[in-house]
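Visitor: Below: one structure in C-alpha cells.
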Amino acid sequence: MAYRGYIHTPVTQSDMKWGLQQGAVAGVVAGIVFAAFEMLASAFMMGPEAFFMPLRMIGAIALGPEALEPGYSLLTAGVAGVVVHVILAVIYGLIFGAIATMLQGPGAFIGLGSLFGLALWLVNFYVIAPTTFPWFLDANPVVQFIAHTFFFGAVLGLWLWKSHERAGFEGPTA
C-alpha cells in the first residue's frame with residue numbers, strides 16, 4: 001500500500017479511484033492543450049500548411065509513414081492522429097493520476113507533472129521513436145521539450161491540483 005508522506009496515512013481505494021478518474025480527465029485536457037501548442041508551433045515555424053503536421057505524425061503511429069505524405073487524406077490522418085493522441089493522453093493521465101494520490105500542494109502537482117512530461121519526452125523521443133517511429137526525429141527538440149514538459153506535464157499537474165482542491169483534499173490540516 002502506498003503512503004502519503006505528508007501525513008503518513010495510507011492511500012485508500014477511494015483515493016486511487018479519484019486519481020484514476022481525474023487523471024483520465026486531466027490527460028484529455030492536457031492533451032488538447034499540448035496538441036494546440038504543437039499545431040500552432042508547427043504553423044509558426046514552417047508555415048500555415050504545416051498546421052496539421054503534428055496530427056499527421058501522430059496518425060502515422062497507427063497508419064504508417066505514408067500518412068505523412070501530402071497526397072494521403074488529411075481527414076483520415078487527422079482523425080487517426082486525434083484518436084491515437086487522446087488514447088495516449090488518457091493513458092499518461094491515468095499513470096500520473098495514480099501518482100497524484102500521494103501529492104499535496106500546487107508545487108508538488110505542477111512540479112512532478114512537469115517532470116513527468118519531461119520523462120515522457122525523453123522516453124518517447126530518445127528511446128521509442130528512433131527504432132519505431134523515426135519521423136518524430138524530424139521534430140524540433142526544443143519545441144518538443146517545451147510541449148511535453150510545460151504544455152502537457154505542467155497542465156496535467158495543474159488540472160489535477162485544481163481537481164484535488166475542488167474535491168476538498170487541499171486546505172488547512174490543523
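Naming scheme: A, B, ... for chains in displayed order of the C-alpha cells; residues 1 onward per chain; ligands 1 onward as shown.
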Among the residues of chain A, find those DSSP assigns to alpha helix (DSSP H) from the backbone and print them as a PyMOL selection string.
Guide: chain A and resi 13-46+53-63+74-100+106-123+129-132+141-146+155-166
Visitor: Please provide the set of residues having any atom within 10 Å of Phe133 (chain A), restricted to only C-alpha atoms, with same-chain residues fewer than 6 positions apart removed, written as an MDAnalysis selection string.
Guide: chainID A and resid 57:58 60:61 64:65 124:125
Visitor: Give me the residues within 9 Å of Ile99 (chain A) as number ranges by chain, counting only C-alpha atoms and dropping any in the same chain fewer than 4 places off.
Guide: A: 16, 19, 94-95, 103
Visitor: Using the selection just defined, write its residues with C-alpha atoms as a PDB file, in the first residue's frame.
Guide:
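Result file is part_31.pdb:
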```pdb
ATOM      1  CA  MET A  16      -6.934   5.679  -6.139  1.00  0.00           C
ATOM      2  CA  GLY A  19      -6.722   9.662  -9.022  1.00  0.00           C
ATOM      3  CA  LEU A  94      -4.114   7.592 -15.624  1.00  0.00           C
ATOM      4  CA  ILE A  95      -0.489   6.911 -14.703  1.00  0.00           C
ATOM      5  CA  LEU A 103       0.668  14.555  -3.538  1.00  0.00           C
TER       6      LEU A 103
END
```
Visitor: Name all residues at most 8 Å from region 108-123 of chain A (count only C-alpha atoms; drop same-chain ones fewer than 6 positions away) and give them as a PDB file with all heavy atoms, in the first residue's frame.
Guide:
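Output file selection-v5.pdb follows:
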```pdb
ATOM      1  N   PHE A  96      -0.254   9.278 -14.223  1.00  0.00           N
ATOM      2  CA  PHE A  96       0.047  10.398 -13.335  1.00  0.00           C
ATOM      3  C   PHE A  96      -1.033  10.569 -12.270  1.00  0.00           C
ATOM      4  O   PHE A  96      -0.733  10.947 -11.133  1.00  0.00           O
ATOM      5  CB  PHE A  96       0.247  11.700 -14.115  1.00  0.00           C
ATOM      6  CG  PHE A  96       0.778  12.794 -13.236  1.00  0.00           C
ATOM      7  CD1 PHE A  96       2.084  12.761 -12.786  1.00  0.00           C
ATOM      8  CD2 PHE A  96      -0.042  13.824 -12.819  1.00  0.00           C
ATOM      9  CE1 PHE A  96       2.574  13.748 -11.936  1.00  0.00           C
ATOM     10  CE2 PHE A  96       0.423  14.817 -11.973  1.00  0.00           C
ATOM     11  CZ  PHE A  96       1.739  14.781 -11.537  1.00  0.00           C
ATOM     12  N   ALA A 100      -0.534  11.010  -8.391  1.00  0.00           N
ATOM     13  CA  ALA A 100      -1.041  12.226  -7.749  1.00  0.00           C
ATOM     14  C   ALA A 100      -1.801  11.954  -6.457  1.00  0.00           C
ATOM     15  O   ALA A 100      -1.971  12.861  -5.647  1.00  0.00           O
ATOM     16  CB  ALA A 100      -1.935  12.991  -8.727  1.00  0.00           C
ATOM     17  N   GLN A 144       9.662  20.246 -28.706  1.00  0.00           N
ATOM     18  CA  GLN A 144       9.147  19.037 -28.068  1.00  0.00           C
ATOM     19  C   GLN A 144       9.381  19.056 -26.561  1.00  0.00           C
ATOM     20  O   GLN A 144       8.517  18.629 -25.789  1.00  0.00           O
ATOM     21  CB  GLN A 144       9.767  17.785 -28.700  1.00  0.00           C
ATOM     22  CG  GLN A 144       9.359  17.591 -30.136  1.00  0.00           C
ATOM     23  CD  GLN A 144       7.863  17.698 -30.333  1.00  0.00           C
ATOM     24  OE1 GLN A 144       7.084  17.057 -29.631  1.00  0.00           O
ATOM     25  NE2 GLN A 144       7.448  18.522 -31.282  1.00  0.00           N
ATOM     26  N   PHE A 145      10.538  19.549 -26.144  1.00  0.00           N
ATOM     27  CA  PHE A 145      10.802  19.693 -24.709  1.00  0.00           C
ATOM     28  C   PHE A 145       9.766  20.611 -24.068  1.00  0.00           C
ATOM     29  O   PHE A 145       9.172  20.284 -23.042  1.00  0.00           O
ATOM     30  CB  PHE A 145      12.222  20.244 -24.478  1.00  0.00           C
ATOM     31  CG  PHE A 145      12.416  20.820 -23.104  1.00  0.00           C
ATOM     32  CD1 PHE A 145      12.567  19.987 -22.004  1.00  0.00           C
ATOM     33  CD2 PHE A 145      12.418  22.196 -22.904  1.00  0.00           C
ATOM     34  CE1 PHE A 145      12.728  20.512 -20.733  1.00  0.00           C
ATOM     35  CE2 PHE A 145      12.577  22.731 -21.638  1.00  0.00           C
ATOM     36  CZ  PHE A 145      12.735  21.885 -20.551  1.00  0.00           C
ATOM     37  N   HIS A 148       6.104  18.945 -24.174  1.00  0.00           N
ATOM     38  CA  HIS A 148       5.900  17.831 -23.242  1.00  0.00           C
ATOM     39  C   HIS A 148       5.996  18.277 -21.782  1.00  0.00           C
ATOM     40  O   HIS A 148       5.183  17.860 -20.956  1.00  0.00           O
ATOM     41  CB  HIS A 148       6.913  16.714 -23.516  1.00  0.00           C
ATOM     42  CG  HIS A 148       6.596  15.923 -24.718  1.00  0.00           C
ATOM     43  ND1 HIS A 148       6.877  16.356 -25.995  1.00  0.00           N
ATOM     44  CD2 HIS A 148       6.010  14.713 -24.857  1.00  0.00           C
ATOM     45  CE1 HIS A 148       6.478  15.455 -26.870  1.00  0.00           C
ATOM     46  NE2 HIS A 148       5.941  14.444 -26.198  1.00  0.00           N
ATOM     47  N   THR A 149       6.986  19.104 -21.477  1.00  0.00           N
ATOM     48  CA  THR A 149       7.220  19.493 -20.092  1.00  0.00           C
ATOM     49  C   THR A 149       6.171  20.477 -19.582  1.00  0.00           C
ATOM     50  O   THR A 149       5.616  20.284 -18.495  1.00  0.00           O
ATOM     51  CB  THR A 149       8.628  20.107 -19.939  1.00  0.00           C
ATOM     52  OG1 THR A 149       9.591  19.151 -20.412  1.00  0.00           O
ATOM     53  CG2 THR A 149       8.927  20.464 -18.499  1.00  0.00           C
ATOM     54  N   PHE A 150       5.890  21.507 -20.380  1.00  0.00           N
ATOM     55  CA  PHE A 150       5.022  22.581 -19.897  1.00  0.00           C
ATOM     56  C   PHE A 150       3.584  22.498 -20.409  1.00  0.00           C
ATOM     57  O   PHE A 150       2.655  22.715 -19.641  1.00  0.00           O
ATOM     58  CB  PHE A 150       5.634  23.942 -20.236  1.00  0.00           C
ATOM     59  CG  PHE A 150       7.012  24.089 -19.652  1.00  0.00           C
ATOM     60  CD1 PHE A 150       8.133  24.098 -20.470  1.00  0.00           C
ATOM     61  CD2 PHE A 150       7.196  24.174 -18.282  1.00  0.00           C
ATOM     62  CE1 PHE A 150       9.407  24.210 -19.930  1.00  0.00           C
ATOM     63  CE2 PHE A 150       8.466  24.279 -17.731  1.00  0.00           C
ATOM     64  CZ  PHE A 150       9.575  24.297 -18.560  1.00  0.00           C
ATOM     65  N   PHE A 152       2.075  19.813 -21.627  1.00  0.00           N
ATOM     66  CA  PHE A 152       1.398  18.586 -21.207  1.00  0.00           C
ATOM     67  C   PHE A 152       1.603  18.366 -19.715  1.00  0.00           C
ATOM     68  O   PHE A 152       0.653  18.359 -18.947  1.00  0.00           O
ATOM     69  CB  PHE A 152       1.855  17.349 -21.998  1.00  0.00           C
ATOM     70  CG  PHE A 152       1.052  16.128 -21.635  1.00  0.00           C
ATOM     71  CD1 PHE A 152      -0.223  15.938 -22.151  1.00  0.00           C
ATOM     72  CD2 PHE A 152       1.536  15.172 -20.742  1.00  0.00           C
ATOM     73  CE1 PHE A 152      -1.006  14.841 -21.787  1.00  0.00           C
ATOM     74  CE2 PHE A 152       0.777  14.075 -20.377  1.00  0.00           C
ATOM     75  CZ  PHE A 152      -0.491  13.901 -20.905  1.00  0.00           C
ATOM     76  N   GLY A 153       2.835  18.182 -19.277  1.00  0.00           N
ATOM     77  CA  GLY A 153       3.107  17.830 -17.882  1.00  0.00           C
ATOM     78  C   GLY A 153       2.628  18.850 -16.868  1.00  0.00           C
ATOM     79  O   GLY A 153       1.941  18.504 -15.906  1.00  0.00           O
ATOM     80  N   ALA A 154       2.982  20.115 -17.068  1.00  0.00           N
ATOM     81  CA  ALA A 154       2.568  21.143 -16.104  1.00  0.00           C
ATOM     82  C   ALA A 154       1.050  21.322 -16.116  1.00  0.00           C
ATOM     83  O   ALA A 154       0.434  21.498 -15.056  1.00  0.00           O
ATOM     84  CB  ALA A 154       3.268  22.468 -16.402  1.00  0.00           C
ATOM     85  N   VAL A 155       0.444  21.265 -17.305  1.00  0.00           N
ATOM     86  CA  VAL A 155      -1.013  21.381 -17.396  1.00  0.00           C
ATOM     87  C   VAL A 155      -1.673  20.188 -16.699  1.00  0.00           C
ATOM     88  O   VAL A 155      -2.665  20.341 -15.981  1.00  0.00           O
ATOM     89  CB  VAL A 155      -1.470  21.503 -18.866  1.00  0.00           C
ATOM     90  CG1 VAL A 155      -2.982  21.379 -18.993  1.00  0.00           C
ATOM     91  CG2 VAL A 155      -0.988  22.821 -19.459  1.00  0.00           C
ATOM     92  N   LEU A 156      -1.132  18.996 -16.887  1.00  0.00           N
ATOM     93  CA  LEU A 156      -1.632  17.797 -16.223  1.00  0.00           C
ATOM     94  C   LEU A 156      -1.595  17.981 -14.703  1.00  0.00           C
ATOM     95  O   LEU A 156      -2.577  17.733 -14.008  1.00  0.00           O
ATOM     96  CB  LEU A 156      -0.776  16.594 -16.647  1.00  0.00           C
ATOM     97  CG  LEU A 156      -1.176  15.212 -16.182  1.00  0.00           C
ATOM     98  CD1 LEU A 156      -2.493  14.795 -16.823  1.00  0.00           C
ATOM     99  CD2 LEU A 156      -0.078  14.220 -16.559  1.00  0.00           C
ATOM    100  N   GLY A 157      -0.454  18.434 -14.187  1.00  0.00           N
ATOM    101  CA  GLY A 157      -0.320  18.663 -12.753  1.00  0.00           C
ATOM    102  C   GLY A 157      -1.243  19.758 -12.243  1.00  0.00           C
ATOM    103  O   GLY A 157      -1.873  19.611 -11.190  1.00  0.00           O
ATOM    104  N   LEU A 158      -1.347  20.855 -13.003  1.00  0.00           N
ATOM    105  CA  LEU A 158      -2.216  21.953 -12.600  1.00  0.00           C
ATOM    106  C   LEU A 158      -3.672  21.508 -12.551  1.00  0.00           C
ATOM    107  O   LEU A 158      -4.387  21.792 -11.583  1.00  0.00           O
ATOM    108  CB  LEU A 158      -2.062  23.138 -13.567  1.00  0.00           C
ATOM    109  CG  LEU A 158      -2.994  24.318 -13.333  1.00  0.00           C
ATOM    110  CD1 LEU A 158      -2.740  24.965 -11.975  1.00  0.00           C
ATOM    111  CD2 LEU A 158      -2.830  25.343 -14.454  1.00  0.00           C
ATOM    112  N   LEU A 160      -4.881  18.483 -12.149  1.00  0.00           N
ATOM    113  CA  LEU A 160      -5.094  17.560 -11.032  1.00  0.00           C
ATOM    114  C   LEU A 160      -5.056  18.282  -9.689  1.00  0.00           C
ATOM    115  O   LEU A 160      -5.821  17.950  -8.790  1.00  0.00           O
ATOM    116  CB  LEU A 160      -4.072  16.421 -11.077  1.00  0.00           C
ATOM    117  CG  LEU A 160      -4.488  15.283 -11.992  1.00  0.00           C
ATOM    118  CD1 LEU A 160      -3.313  14.370 -12.305  1.00  0.00           C
ATOM    119  CD2 LEU A 160      -5.611  14.487 -11.376  1.00  0.00           C
ATOM    120  N   TRP A 161      -4.183  19.246  -9.549  1.00  0.00           N
ATOM    121  CA  TRP A 161      -4.149  20.006  -8.296  1.00  0.00           C
ATOM    122  C   TRP A 161      -5.461  20.749  -8.088  1.00  0.00           C
ATOM    123  O   TRP A 161      -6.043  20.722  -7.003  1.00  0.00           O
ATOM    124  CB  TRP A 161      -2.977  20.984  -8.265  1.00  0.00           C
ATOM    125  CG  TRP A 161      -3.091  21.960  -7.132  1.00  0.00           C
ATOM    126  CD1 TRP A 161      -3.147  21.666  -5.788  1.00  0.00           C
ATOM    127  CD2 TRP A 161      -3.217  23.368  -7.235  1.00  0.00           C
ATOM    128  NE1 TRP A 161      -3.279  22.824  -5.051  1.00  0.00           N
ATOM    129  CE2 TRP A 161      -3.320  23.886  -5.921  1.00  0.00           C
ATOM    130  CE3 TRP A 161      -3.237  24.252  -8.305  1.00  0.00           C
ATOM    131  CZ2 TRP A 161      -3.451  25.239  -5.659  1.00  0.00           C
ATOM    132  CZ3 TRP A 161      -3.354  25.601  -8.034  1.00  0.00           C
ATOM    133  CH2 TRP A 161      -3.466  26.078  -6.729  1.00  0.00           C
TER     134      TRP A 161
END
```
Visitor: Between A:Trp18, A:Tyr126, A:Phe37, A:Phe52, which residue has the minimum interatomic distance to Ile146 (chain A), considering only C-alpha atoms?
Guide: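 The answer is A:Phe37, which sits nearest to Ile146 (chain A).
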Visitor: Counting only C-alpha atoms, figure out which residue out of A:Pro141, A:Pro130, A:Lys162, A:Thr101 gets nearest to Leu20 (chain A).
Guide: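 Under the stated criterion, the closest residue is A:Thr101.
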Visitor: Neighbours of Val83 (chain A) within 12 Å (only C-alpha atoms; same-chain residues fewer than 2 positions away dropped), as a VMD selection string?
Guide: chain A and resid 28 31 to 32 55 to 56 58 to 63 76 to 81 85 to 90
Visitor: Using Å and a single decimal, report how far CA of Gly27 (chain A) sits from CA of Pro48 (chain A).
Guide: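 Taking CA of Pro48 (chain A) as the start and CA of Gly27 (chain A) as the end point, the length is 27.2 Å.
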Visitor: With distances taken over only C-alpha atoms, which of A:Phe44, A:Phe169, A:Tyr92, A:Phe151 is nearest to Ala24 (chain A)?
Guide: A:Tyr92
Visitor: With distances taken over only C-alpha atoms, which residue among A:Pro54, A:Gly105, A:Gly97, A:Gly71 lies nearest Phe136 (chain A)?
Guide: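 So, comparing all the options, the nearest one is A:Pro54.
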Visitor: Might you pull out every residue within 8 Å of Val25 (chain A), with only C-alpha atoms counted and same-chain residues fewer than 4 positions away left off, and present them as a PDB file with C-alpha atoms, in the first residue's frame?
Guide:
```pdb
ATOM      1  CA  GLN A  21     -10.825   9.253 -12.812  1.00  0.00           C
ATOM      2  CA  VAL A  29      -7.321  18.411 -21.058  1.00  0.00           C
ATOM      3  CA  VAL A  90      -5.627   9.259 -21.211  1.00  0.00           C
ATOM      4  CA  GLY A  93      -3.138  10.839 -17.343  1.00  0.00           C
TER       5      GLY A  93
END
```
